[in-house]
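Undergrad: You'll find run.cif just under this line, and it carries mmCIF, C-alpha atoms and all ligand atoms.
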```cif
data_model
loop_
_atom_site.label_atom_id
_atom_site.label_comp_id
_atom_site.auth_asym_id
_atom_site.auth_seq_id
_atom_site.Cartn_x
_atom_site.Cartn_y
_atom_site.Cartn_z
CA MET A 1 -15.85 -16.55 16.34
CA ALA A 2 -13.20 -14.27 17.84
CA ILE A 3 -9.72 -15.73 17.53
CA ASP A 4 -7.51 -15.63 20.58
CA LEU A 5 -4.32 -13.82 19.70
CA SER A 6 -1.38 -13.67 22.02
CA GLY A 7 0.12 -10.20 22.03
CA ASN A 8 -3.25 -8.51 21.80
CA LYS A 9 -3.41 -6.80 25.17
CA ARG A 10 -7.13 -6.15 24.89
CA LYS A 11 -7.91 -9.85 24.48
CA GLY A 12 -11.02 -10.52 22.42
CA ALA A 13 -11.50 -6.86 21.57
CA LEU A 14 -10.21 -7.11 18.00
CA GLU A 15 -9.69 -10.29 16.04
CA LEU A 16 -6.36 -9.12 14.62
CA PRO A 17 -3.41 -7.64 16.52
CA LYS A 18 -2.46 -4.00 16.09
CA THR A 19 0.99 -3.18 14.79
CA ALA A 20 3.71 -1.92 17.12
CA THR A 21 4.16 1.76 17.88
CA GLY A 22 6.56 3.78 20.07
CA PHE A 23 9.41 1.83 21.66
CA ASP A 24 8.19 -1.49 20.19
CA GLN A 25 8.46 0.03 16.72
CA VAL A 26 12.12 0.94 17.37
CA PHE A 27 12.66 -2.66 18.50
CA HIS A 28 11.35 -3.88 15.10
CA ALA A 29 13.65 -1.39 13.34
CA VAL A 30 16.73 -2.76 15.09
CA ARG A 31 15.79 -6.35 14.16
CA ALA A 32 14.60 -5.70 10.56
CA ARG A 33 16.92 -6.53 7.65
CA LYS A 34 16.99 -4.85 4.29
CA PRO A 35 15.23 -6.72 1.45
CA ARG A 36 17.20 -9.63 0.00
CA TYR A 37 17.70 -9.90 -3.73
CA ASP A 38 20.34 -11.87 -5.62
CA GLY A 39 20.12 -9.87 -8.86
CA LYS A 40 18.84 -12.82 -10.89
CA LEU A 41 15.95 -11.57 -12.99
CA PRO A 42 13.11 -13.98 -13.62
CA THR A 43 11.97 -14.00 -17.27
CA GLU A 44 9.00 -11.74 -17.68
CA PRO A 45 6.45 -10.59 -20.22
CA ARG A 46 6.83 -7.07 -21.53
CA TRP A 47 4.83 -4.23 -19.91
CA ARG A 48 2.50 -2.49 -22.35
CA SER A 49 1.01 0.97 -21.91
CA ASP A 50 -2.29 -0.21 -23.35
CA PHE A 51 -2.75 -2.50 -20.33
CA VAL A 52 -4.09 0.61 -18.55
CA LEU A 53 -7.83 1.27 -18.64
CA GLN A 54 -8.70 4.95 -18.99
CA ASP A 55 -11.68 6.98 -17.75
CA ILE A 56 -12.17 4.98 -14.59
CA LYS A 57 -14.89 6.45 -12.38
CA PRO A 58 -14.85 4.38 -9.19
CA PRO A 59 -17.06 5.06 -6.16
CA THR A 60 -15.18 7.21 -3.61
CA LEU A 61 -15.34 8.13 0.06
CA LYS A 62 -13.88 11.37 1.37
CA LEU A 63 -11.66 11.83 4.39
CA GLN A 64 -14.52 13.90 5.83
CA ASP A 65 -16.55 10.63 5.78
CA PHE A 66 -13.90 9.30 8.19
CA GLY A 67 -14.33 12.22 10.61
CA TYR A 68 -11.53 14.49 9.39
CA GLU A 69 -12.20 18.22 9.12
CA ALA A 70 -11.56 19.91 5.77
CA GLY A 71 -9.16 22.29 7.58
CA GLU A 72 -6.85 19.38 8.54
CA LEU A 73 -6.33 18.19 4.97
CA ASN A 74 -3.65 19.06 2.40
CA ARG A 75 -4.81 21.88 0.20
CA GLY A 76 -3.39 24.07 -2.50
CA TYR A 77 -3.50 24.64 -6.24
CA GLY A 78 -7.32 24.95 -6.02
CA THR A 79 -7.71 21.43 -4.61
CA ILE A 80 -8.43 19.80 -1.27
CA ASP A 81 -6.68 16.44 -1.01
CA GLU A 82 -9.74 14.67 0.40
CA THR A 83 -10.10 11.27 -1.32
CA ALA A 84 -10.03 8.60 1.40
CA LEU A 85 -10.96 5.51 -0.57
CA ALA A 86 -11.69 4.85 -4.25
CA GLY A 87 -12.76 1.60 -5.82
CA PRO A 88 -12.47 -1.31 -5.92
CA THR A 89 -12.34 -0.97 -9.68
CA GLN A 90 -10.43 -2.54 -12.56
CA LEU A 91 -7.38 -0.45 -13.47
CA LEU A 92 -5.64 -2.86 -15.89
CA THR A 93 -7.03 -4.94 -18.75
CA PRO A 94 -7.48 -8.68 -18.05
CA GLU A 95 -4.28 -9.38 -20.02
CA GLY A 96 -2.44 -6.74 -17.97
CA VAL A 97 -3.61 -8.29 -14.69
CA VAL A 98 -2.60 -11.82 -15.74
CA SER A 99 0.85 -10.55 -16.79
CA LEU A 100 1.32 -8.72 -13.48
CA LYS A 101 0.20 -11.82 -11.59
CA GLY A 102 2.77 -13.97 -13.40
CA VAL A 103 5.53 -11.47 -12.57
CA CYS A 104 4.55 -11.26 -8.88
CA ASP A 105 4.26 -15.04 -8.52
CA LYS A 106 7.88 -15.41 -9.70
CA LEU A 107 9.14 -12.81 -7.21
CA GLU A 108 7.83 -14.86 -4.27
CA ALA A 109 11.28 -16.47 -4.08
CA TYR A 110 12.54 -13.14 -2.65
CA ALA A 111 9.79 -12.72 -0.05
CA GLY A 112 10.94 -12.07 3.51
CA SER A 113 9.01 -12.63 6.72
CA SER A 114 8.17 -9.82 9.08
CA GLU A 115 6.38 -9.53 12.38
CA PHE A 116 5.85 -5.81 11.93
CA ILE A 117 2.71 -5.51 9.73
CA VAL A 118 2.40 -8.00 6.83
CA THR A 119 3.63 -11.54 7.56
CA ARG A 120 5.38 -12.29 4.23
CA ARG A 121 6.21 -9.78 1.53
CA VAL A 122 8.67 -8.50 -1.09
CA ARG A 123 9.61 -4.84 -0.82
CA GLY A 124 11.23 -2.75 -3.53
CA ALA A 125 9.77 -5.05 -6.20
CA ASP A 126 10.24 -2.43 -8.95
CA LEU A 127 14.00 -2.75 -8.40
CA MET A 128 13.74 -6.48 -9.18
CA SER A 129 11.31 -6.43 -12.09
CA PRO A 130 11.55 -4.41 -15.33
CA PHE A 131 7.83 -5.13 -15.88
CA ILE A 132 6.87 -3.48 -12.58
CA ASN A 133 9.43 -0.71 -13.01
CA ASN A 134 7.99 0.15 -16.44
CA MET A 135 4.41 -0.19 -15.25
CA ILE A 136 4.65 2.22 -12.32
CA ARG A 137 6.63 4.77 -14.34
CA ASP A 138 4.28 4.63 -17.33
CA ARG A 139 2.64 8.00 -17.89
CA ASN A 140 -0.73 6.41 -18.79
CA PHE A 141 -0.66 4.38 -15.63
CA LEU A 142 0.28 7.35 -13.43
CA LEU A 143 -2.42 9.50 -15.04
CA ALA A 144 -5.09 6.86 -14.37
CA CYS A 145 -3.99 6.61 -10.71
CA SER A 146 -3.78 10.41 -10.34
CA ARG A 147 -7.28 10.85 -11.75
CA MET A 148 -8.66 8.24 -9.36
CA VAL A 149 -7.43 10.35 -6.43
CA GLY A 150 -7.63 13.86 -7.91
CA VAL A 151 -3.99 14.86 -7.29
CA PRO A 152 -0.85 14.39 -9.45
CA LEU A 153 0.94 11.21 -8.38
CA ILE A 154 4.34 9.69 -9.15
CA PRO A 155 6.16 6.70 -7.59
CA HIS A 156 7.22 7.45 -4.05
CA PRO A 157 10.83 8.71 -3.86
CA LEU A 158 11.34 6.38 -0.87
CA ARG A 159 12.33 3.52 -3.10
CA THR A 160 12.03 0.44 -0.87
CA PRO A 161 8.37 0.71 0.16
CA THR A 162 7.12 1.90 -3.25
CA VAL A 163 6.07 -1.55 -4.46
CA GLN A 164 5.33 -4.25 -1.94
CA ILE A 165 3.95 -7.66 -2.92
CA ASN A 166 2.13 -9.49 -0.13
CA TYR A 167 1.85 -13.29 -0.12
CA PHE A 168 -0.77 -15.01 2.00
CA GLU A 169 -0.83 -18.82 1.88
CA GLY A 170 -3.63 -20.66 3.68
CA ARG A 171 -2.22 -21.68 7.08
CA SER A 172 -3.46 -22.10 10.61
CA GLY A 173 -2.37 -21.32 14.18
CA ASP A 174 0.82 -19.33 14.70
CA GLU A 175 1.74 -19.74 11.01
CA ARG A 176 -1.25 -17.86 9.68
CA GLU A 177 -0.51 -14.99 7.33
CA ILE A 178 -2.18 -11.63 7.93
CA ALA A 179 -1.78 -7.87 7.82
CA LYS A 180 -2.15 -6.56 11.39
CA TRP A 181 -4.31 -3.53 12.08
CA HIS A 182 -2.12 -0.65 10.95
CA ARG A 183 -2.04 2.63 9.15
CA ASP A 184 0.47 2.95 6.32
CA GLY A 185 3.42 5.30 6.43
CA MET A 186 2.25 6.25 2.95
CA ASP A 187 -0.55 8.60 1.93
CA TYR A 188 -1.52 7.28 -1.53
CA VAL A 189 -1.72 3.49 -1.58
CA PHE A 190 -3.16 1.28 -4.35
CA THR A 191 -3.77 -2.43 -3.84
CA ILE A 192 -4.32 -4.74 -6.83
CA GLN A 193 -5.74 -8.21 -6.16
CA LEU A 194 -3.86 -10.94 -8.00
CA ASN A 195 -6.29 -13.76 -7.16
CA ASP A 196 -10.01 -14.15 -7.42
CA ALA A 197 -11.67 -14.71 -4.02
CA SER A 198 -12.82 -18.17 -5.22
CA GLU A 199 -9.15 -19.22 -4.90
CA TYR A 200 -8.87 -18.66 -1.13
CA GLU A 201 -10.80 -18.47 2.16
CA GLY A 202 -10.39 -15.57 4.59
CA GLY A 203 -8.14 -12.71 3.47
CA ARG A 204 -10.79 -10.02 3.92
CA PHE A 205 -9.64 -6.41 3.61
CA LYS A 206 -11.05 -4.56 6.63
CA TYR A 207 -10.84 -0.88 7.40
CA PHE A 208 -11.96 1.40 10.18
CA GLN A 209 -14.15 4.22 8.92
CA GLY A 210 -13.06 6.70 11.53
CA ARG A 211 -10.11 8.91 12.42
CA THR A 212 -6.88 7.11 13.24
CA ASP A 213 -6.81 8.83 16.65
CA ASP A 214 -10.20 7.24 17.42
CA PHE A 215 -9.01 3.69 16.75
CA ASP A 216 -7.64 2.80 20.19
CA GLY A 217 -10.17 0.77 22.16
CA VAL A 218 -12.30 -0.08 19.13
CA THR A 219 -13.83 -3.57 19.34
CA GLU A 220 -14.69 -6.06 16.61
CA SER A 221 -18.40 -5.31 16.79
CA ASP A 222 -17.86 -1.57 16.14
CA GLU A 223 -20.04 -0.47 13.24
CA ARG A 224 -17.20 1.58 11.82
CA ILE A 225 -15.24 -1.60 10.96
CA LYS A 226 -16.06 -2.25 7.30
CA GLU A 227 -14.94 -4.57 4.56
CA ALA A 228 -13.90 -3.47 1.07
CA PRO A 229 -15.25 -5.98 -1.49
CA CYS A 230 -11.95 -6.75 -3.25
CA ASP A 231 -13.04 -10.18 -4.49
CA ASP A 232 -12.30 -9.97 -8.19
CA LEU A 233 -8.97 -10.73 -9.82
CA GLY A 234 -7.54 -7.30 -10.71
CA ALA A 235 -9.75 -5.35 -8.26
CA THR A 236 -7.87 -2.15 -7.46
CA LEU A 237 -8.51 -0.20 -4.29
CA PHE A 238 -7.09 3.21 -3.45
CA ILE A 239 -6.78 4.16 0.21
CA HIS A 240 -5.30 7.21 1.90
CA GLY A 241 -3.28 4.70 3.87
CA SER A 242 -1.80 6.98 6.52
CA HIS A 243 -5.26 8.24 7.53
CA MET A 244 -7.06 4.96 8.10
CA TYR A 245 -6.52 1.80 10.09
CA HIS A 246 -6.86 -1.33 7.99
CA ALA A 247 -6.02 -5.04 8.19
CA VAL A 248 -6.25 -8.31 6.28
CA THR A 249 -7.82 -11.29 8.08
CA PRO A 250 -5.94 -14.62 7.99
CA VAL A 251 -6.07 -16.63 4.79
CA THR A 252 -7.22 -20.04 6.03
CA SER A 253 -6.95 -21.92 2.74
CA GLY A 254 -5.76 -21.27 -0.81
CA ARG A 255 -3.54 -18.38 -1.83
CA ARG A 256 -3.98 -14.59 -1.93
CA VAL A 257 -1.35 -12.30 -3.48
CA THR A 258 -1.63 -8.50 -3.58
CA PHE A 259 0.39 -5.84 -5.35
CA VAL A 260 0.64 -2.76 -3.12
CA LEU A 261 1.85 0.46 -4.71
CA SER A 262 2.61 3.69 -2.85
CA LEU A 263 2.55 6.88 -4.86
CA PHE A 264 3.52 10.41 -3.89
CA CYS A 265 2.20 13.88 -4.61
CA PRO A 266 5.23 16.11 -5.30
CA TYR A 267 3.17 19.20 -4.51
CA PHE A 268 2.29 18.02 -0.99
CA SER A 269 5.74 16.68 -0.15
CA SER A 270 6.08 18.66 3.06
CA GLN A 271 2.90 16.99 4.39
CA ASP A 272 4.13 13.46 3.57
CA SER A 273 3.05 11.25 6.48
CA ASN A 274 6.03 8.86 6.64
CA THR A 275 8.08 8.66 9.78
CA PHE A 276 11.65 7.38 9.89
CA TRP A 277 10.79 4.70 12.45
CA HIS A 278 7.80 3.37 10.56
CA LEU A 279 10.06 2.75 7.56
CA ALA A 280 12.93 1.42 9.61
CA GLY A 281 10.51 -1.02 11.28
CA ASP A 282 10.23 -2.81 7.93
CA ASP A 283 13.64 -2.22 6.29
CA GLY A 284 16.14 -1.63 9.07
CA ILE A 285 17.89 1.62 9.95
CA LEU A 286 20.75 1.54 7.40
CA ALA A 287 18.53 1.00 4.36
CA THR A 288 16.19 3.75 5.53
CA ILE A 289 18.77 6.58 5.68
CA PRO A 290 19.37 7.09 1.90
CA ASN A 291 15.64 6.68 1.25
CA TRP A 292 14.87 9.29 3.84
CA LEU A 293 17.22 11.81 2.21
CA ARG A 294 15.45 11.34 -1.14
CA LEU A 295 12.26 12.45 0.57
CA LYS A 296 13.56 15.23 2.81
CA TRP A 297 16.33 16.88 0.77
CA PRO A 298 15.05 20.38 -0.14
CA THR A 299 13.60 20.98 -3.60
CA LYS A 300 13.32 24.03 -5.83
CA ASN A 301 10.79 22.69 -8.31
CA PRO A 302 8.82 19.92 -6.55
CA SER A 303 7.39 18.29 -9.66
CA ILE A 304 10.71 18.05 -11.53
CA ASP A 305 12.96 17.36 -8.54
CA PHE A 306 10.81 14.56 -7.12
CA SER A 307 10.23 13.04 -10.56
CA LEU A 308 14.01 12.82 -10.96
CA ARG A 309 14.42 11.27 -7.52
CA ALA A 310 11.68 8.75 -8.26
CA GLY A 311 12.90 8.10 -11.83
CA SER A 312 9.44 9.04 -13.08
CA PRO A 313 7.86 11.14 -15.81
CA ALA A 314 6.53 14.40 -14.31
CA ILE A 315 2.77 14.57 -13.68
CA THR A 316 1.40 18.06 -13.10
CA TRP A 317 -1.95 19.56 -12.14
CA SER A 318 -2.68 20.48 -15.74
CA ASP A 319 -2.30 16.81 -16.71
CA LEU A 320 -5.37 16.00 -14.62
CA GLN A 321 -7.74 18.07 -16.75
O1 LIG B 1 -2.71 -7.19 1.11
C1 LIG B 1 -3.54 -6.29 1.24
O2 LIG B 1 -4.70 -6.37 0.82
C2 LIG B 1 -3.15 -4.98 1.88
C3 LIG B 1 -2.05 -5.08 2.89
C4 LIG B 1 -1.64 -3.74 3.44
O3 LIG B 1 -2.44 -3.03 4.01
C5 LIG B 1 -0.26 -3.26 3.27
O4 LIG B 1 0.55 -3.95 2.62
O5 LIG B 1 0.05 -2.17 3.78
FE FE B 2 -1.52 -1.13 4.58
#
```
In C-alpha cells, write the structure found in this file.

TA:
Amino acid sequence: MAIDLSGNKRKGALELPKTATGFDQVFHAVRARKPRYDGKLPTEPRWRSDFVLQDIKPPTLKLQDFGYEAGELNRGYGTIDETALAGPTQLLTPEGVVSLKGVCDKLEAYAGSSEFIVTRRVRGADLMSPFINNMIRDRNFLLACSRMVGVPLIPHPLRTPTVQINYFEGRSGDEREIAKWHRDGMDYVFTIQLNDASEYEGGRFKYFQGRTDDFDGVTESDERIKEAPCDDLGATLFIHGSHMYHAVTPVTSGRRVTFVLSLFCPYFSSQDSNTFWHLAGDDGILATIPNWLRLKWPTKNPSIDFSLRAGSPAITWSDLQ
C-alpha cells in the first residue's frame, strides 16, 4: 500500500519523499550542524588486515545499463569508469563483520538526526574510531574495493562524509527512519549491512535503474525501480552513488544499521561529483569549507597528493593488475 507522505508534492507517486534540491538544499545547509563528538573513545577490538576477503568477483551492472552513454563517463589510463553497481557480496570475513558491527553499535551514542537524506546517522566515523580508521586505510581493504570497481580508490579527502553509519530503528508514523530518494554527492559508495534481514522488517534498498535526469516524475510502479538484495549480515554493495537515485524504505520493526563508505579515485578528481551545497546540507557551511579545500586545492601528483590529504596509502593503476 502506498504510504501518504506529507512533503511529497506528487502525492502517491512515490512511496518515499525525494531529498531537497536548489533553494531548499541551501535551507538545510543553514540549519545543519557539524557532527558532535566528545572525544571519548569507546573500547574496540583491533582491526586486522586478514579480515578482508580477496578475489571477490561480484555481479556488476554498468552505467550504460542505466542509460548513460560511454562518452559521458570518466575515462583515461586505458579505462572507462563504468561500474554502476557491484554486489551484494561479502567483503569481510564473518569475524571482521561482527567486529565492525560491535564498533558501529557503540558509536550510535553520537548519531545526529537529519531531515536532509538519512534520518539518523553518524558522519566522520573514522575520526571517532581507530578500528574504522585502520580498516578504511588498510591497503588490502582498499585493493579489494578498487578491484570491485576497476579503478584505484582511496578514502575520500572530504573527511566528514567518508564514513557514515546509518541507524534505522523500527518506528511508525512521523518517527519512521528512512533514506529519502536521493543521489549521493559521492561517486564510489560502499554499503555494508550490519544486521541480517531476519532482525528487522522493511528497510529495503531501492534504486532507480535509469539516468538521474530521468528520475523526476517516476512513479512507484515504474519497472526501473529495483531492489538490491542486501539481506545478509555483511552484504556489501557498491554503487556509483552520484549517478543513481536510491532510497531505503522505512524500518517498521527491529533494527537495521549500515556502514556507508565513500571512496575517491585520485586520477578522476576533476570529475568528482560533489557539490558544496550537497555537503553543507548535511554538515553545515563552516564544517564544509576546509573539507572542500582538501578536494579542490590543485595537485601536482594526484595519487600522492590526494593520498596525503586522505591520510591513505597510495593505490595506483598498476596495483589493480
Ligand atoms: O543505509 C543504506 O542502506 C544506504 C543509505 C544511503 O543511501 C546513504 O547513506 O547515502
Ligand atoms: Fe546514498

Undergrad: Once you count all atoms listed in the file, which residues end up no further than 10 Å from (13.9, -16.1, -14.7) in the file's frame, shown as an MDAnalysis selection string?

TA: chainID A and resid 40:44 103 106:107

Undergrad: Around all listed atoms of stretch 195-199 of chain A, padded 4 Å per side, what centre and edge lengths does the axis-aligned box have in Å to one decimal, as AutoDock Vina command-line options?

TA:
```
--center_x -9.6 --center_y -16.5 --center_z -5.7 --size_x 14.5 --size_y 13.5 --size_z 11.4
```

Undergrad: Between A:Arg139, A:Lys296, A:Arg121, A:Arg171, which one has atoms that come closest to ligand FE 2 (chain B), using all atoms listed in the file?

TA: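 Of A:Arg139, A:Lys296, A:Arg121, A:Arg171, the one nearest ligand FE 2 (chain B), counting all atoms listed in the file, is A:Arg121.
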
Undergrad: What residues have an atom no more than 12 Å from (14.4, -7.4, 14.6) in the file's own frame, counting only C-alpha atoms, and can you write them as a list in words?

TA: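 I get Asp24, Gln25, Val26, Phe27, His28, Ala29, Val30, Arg31, Ala32, Arg33, Lys34, Ser113, Ser114, Glu115, Phe116, Ala280, Gly281, Asp282, Asp283, Gly284 and Ile285 of chain A for the residues within 12 Å of that point.
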
Undergrad: So that I can see what lies close to A:Gly87, please list as a list in words the residues with an atom at most 9 Å from it, counting only C-alpha atoms and leaving out residues fewer than 5 positions away in the same chain.

TA: Lys57, Pro58, Pro59, Thr60, Met148, Ala228, Cys230, Ala235, Thr236, Leu237, Phe238 and Ile239 of chain A

Undergrad: Can you pull out the residues contacting A:Asn195? Cut-off 12 Å, using all atoms listed in the file, and skip same-chain residues under 6 positions away; I want them as a list in words.

TA: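 What passes the distance filter is Val97, Val98, Leu100, Lys101, Gly102, Cys104, Asp105, Asn166, Tyr167, Phe168, Glu169, Glu201, Gly203, Cys230, Asp231, Asp232, Leu233, Gly234, Ala235, Thr236, Gly254, Arg255, Arg256, Val257, Thr258 and Phe259 of chain A.
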
Undergrad: Write out as a list of chain:residue names each polymer residue whose atoms come within 12 Å of A:Lys62, counting all atoms listed in the file; drop sequence neighbours fewer than 4 positions from it.

TA: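 Close residues of A:Lys62: A:Phe66, A:Gly67, A:Tyr68, A:Glu69, A:Ala70, A:Leu73, A:Ile80, A:Asp81, A:Glu82, A:Thr83, A:Ala84, A:Leu85, A:Ala86, A:Val149, A:Gly150, A:Gln209, A:Gly210, A:Arg211, A:Phe238, A:Ile239, A:His240, A:His243, A:Met244.
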
Undergrad: Can you build me a table of chain A residues sitting at most 10 Å from ligand LIG 1 (chain B), with the closest atom pair per residue and its distance in Å to one decimal, using only C-alpha atoms and all ligand atoms, sorted by chain and residue number, as a Markdown table?

TA:
```
| residue | atom | partner | partner_atom | distance |
| --- | --- | --- | --- | --- |
| A:Ile117 | CA | B:LIG1 | O5 | 7.3 |
| A:Val118 | CA | B:LIG1 | O4 | 6.1 |
| A:Thr119 | CA | B:LIG1 | O4 | 9.6 |
| A:Arg120 | CA | B:LIG1 | O4 | 9.8 |
| A:Arg121 | CA | B:LIG1 | O4 | 8.2 |
| A:Arg123 | CA | B:LIG1 | O4 | 9.7 |
| A:Pro161 | CA | B:LIG1 | O4 | 9.4 |
| A:Val163 | CA | B:LIG1 | O4 | 9.3 |
| A:Gln164 | CA | B:LIG1 | O4 | 6.6 |
| A:Ile165 | CA | B:LIG1 | O4 | 7.5 |
| A:Asn166 | CA | B:LIG1 | O1 | 5.5 |
| A:Tyr167 | CA | B:LIG1 | O1 | 7.7 |
| A:Phe168 | CA | B:LIG1 | O1 | 8.1 |
| A:Ile178 | CA | B:LIG1 | O1 | 8.2 |
| A:Ala179 | CA | B:LIG1 | C3 | 5.7 |
| A:Lys180 | CA | B:LIG1 | O3 | 8.2 |
| A:Trp181 | CA | B:LIG1 | O3 | 8.3 |
| A:His182 | CA | B:LIG1 | O3 | 7.3 |
| A:Arg183 | CA | B:LIG1 | O5 | 7.5 |
| A:Asp184 | CA | B:LIG1 | O5 | 5.7 |
| A:Gly185 | CA | B:LIG1 | O5 | 8.6 |
| A:Met186 | CA | B:LIG1 | O5 | 8.7 |
| A:Val189 | CA | B:LIG1 | O5 | 8.0 |
| A:Phe190 | CA | B:LIG1 | C2 | 8.8 |
| A:Thr191 | CA | B:LIG1 | O2 | 6.2 |
| A:Ile192 | CA | B:LIG1 | O2 | 7.8 |
| A:Gln193 | CA | B:LIG1 | O2 | 7.3 |
| A:Leu194 | CA | B:LIG1 | O1 | 9.9 |
| A:Gly203 | CA | B:LIG1 | O2 | 7.7 |
| A:Arg204 | CA | B:LIG1 | O2 | 7.7 |
| A:Phe205 | CA | B:LIG1 | O2 | 5.7 |
| A:Lys206 | CA | B:LIG1 | O2 | 8.8 |
| A:Tyr207 | CA | B:LIG1 | O3 | 9.3 |
| A:Ala228 | CA | B:LIG1 | O2 | 9.6 |
| A:Cys230 | CA | B:LIG1 | O2 | 8.3 |
| A:Thr236 | CA | B:LIG1 | O2 | 9.8 |
| A:Leu237 | CA | B:LIG1 | O2 | 8.9 |
| A:Ile239 | CA | B:LIG1 | O3 | 9.2 |
| A:Gly241 | CA | B:LIG1 | O5 | 7.6 |
| A:Ser242 | CA | B:LIG1 | O5 | 9.7 |
| A:Tyr245 | CA | B:LIG1 | O3 | 8.8 |
| A:His246 | CA | B:LIG1 | O3 | 6.2 |
| A:Ala247 | CA | B:LIG1 | O3 | 5.9 |
| A:Val248 | CA | B:LIG1 | O2 | 6.0 |
| A:Thr249 | CA | B:LIG1 | O2 | 9.3 |
| A:Arg256 | CA | B:LIG1 | O1 | 8.1 |
| A:Val257 | CA | B:LIG1 | O1 | 7.0 |
| A:Thr258 | CA | B:LIG1 | O1 | 5.0 |
| A:Phe259 | CA | B:LIG1 | O1 | 7.3 |
| A:Val260 | CA | B:LIG1 | O4 | 5.9 |
| A:Leu261 | CA | B:LIG1 | O4 | 8.7 |
| A:Ser262 | CA | B:LIG1 | O5 | 9.2 |
```

Undergrad: Using only C-alpha atoms, which of A:Arg147, A:Asp213, A:Arg46, A:Glu223 sits nearest A:Ser129?

TA: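 Of A:Arg147, A:Asp213, A:Arg46, A:Glu223, the one nearest A:Ser129, counting only C-alpha atoms, is A:Arg46.
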
Undergrad: Any idea what the distance is between atom CA of A:Val122 and atom CA of A:Glu108?

TA: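 Calculated distance between atom CA of A:Val122 and atom CA of A:Glu108 is 7.2 Å.
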
Undergrad: Do you have the atom CA of A:Glu177-atom CA of A:Asp196 distance handy?

TA: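 Result for atom CA of A:Glu177 versus atom CA of A:Asp196: 17.6 Å, one decimal.
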
Undergrad: Name the closest residue to ligand FE 2 (chain B) among the candidates A:Glu175, A:Asp305, A:Asp187, A:Asp138; distances are taken between atoms, counting only C-alpha atoms and all ligand atoms.

TA: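 Of A:Glu175, A:Asp305, A:Asp187, A:Asp138, the one nearest ligand FE 2 (chain B) is A:Asp187, counting only C-alpha atoms and all ligand atoms.
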
Undergrad: I'd like to know which of A:Ile154, A:Ile136, A:Asn291, A:His278 is closest to ligand FE 2 (chain B), using all atoms listed in the file.

TA: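 Among the listed residues, the smallest separation from ligand FE 2 (chain B) belongs to A:His278.
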
Undergrad: For A:Asn133, find every residue with an atom within 10 Å (counting only C-alpha atoms), except residues of its own chain fewer than 6 positions away, and show them as a list in words.

TA: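 Surrounding residues, per the criterion: Trp47, Gly124, Ala125, Asp126, Leu127, Pro155, Val163, Gly311 and Ser312 of chain A.
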
Undergrad: Store the residues of this selection in a file with C-alpha atoms, as a PDB file, in the coordinates of the input.

TA:
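Wrote part12.pdb, looks like this:
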```
ATOM      1  CA  TRP A  47       4.830  -4.230 -19.910  1.00  0.00           C
ATOM      2  CA  GLY A 124      11.230  -2.750  -3.530  1.00  0.00           C
ATOM      3  CA  ALA A 125       9.770  -5.050  -6.200  1.00  0.00           C
ATOM      4  CA  ASP A 126      10.240  -2.430  -8.950  1.00  0.00           C
ATOM      5  CA  LEU A 127      14.000  -2.750  -8.400  1.00  0.00           C
ATOM      6  CA  PRO A 155       6.160   6.700  -7.590  1.00  0.00           C
ATOM      7  CA  VAL A 163       6.070  -1.550  -4.460  1.00  0.00           C
ATOM      8  CA  GLY A 311      12.900   8.100 -11.830  1.00  0.00           C
ATOM      9  CA  SER A 312       9.440   9.040 -13.080  1.00  0.00           C
TER      10      SER A 312
END
```
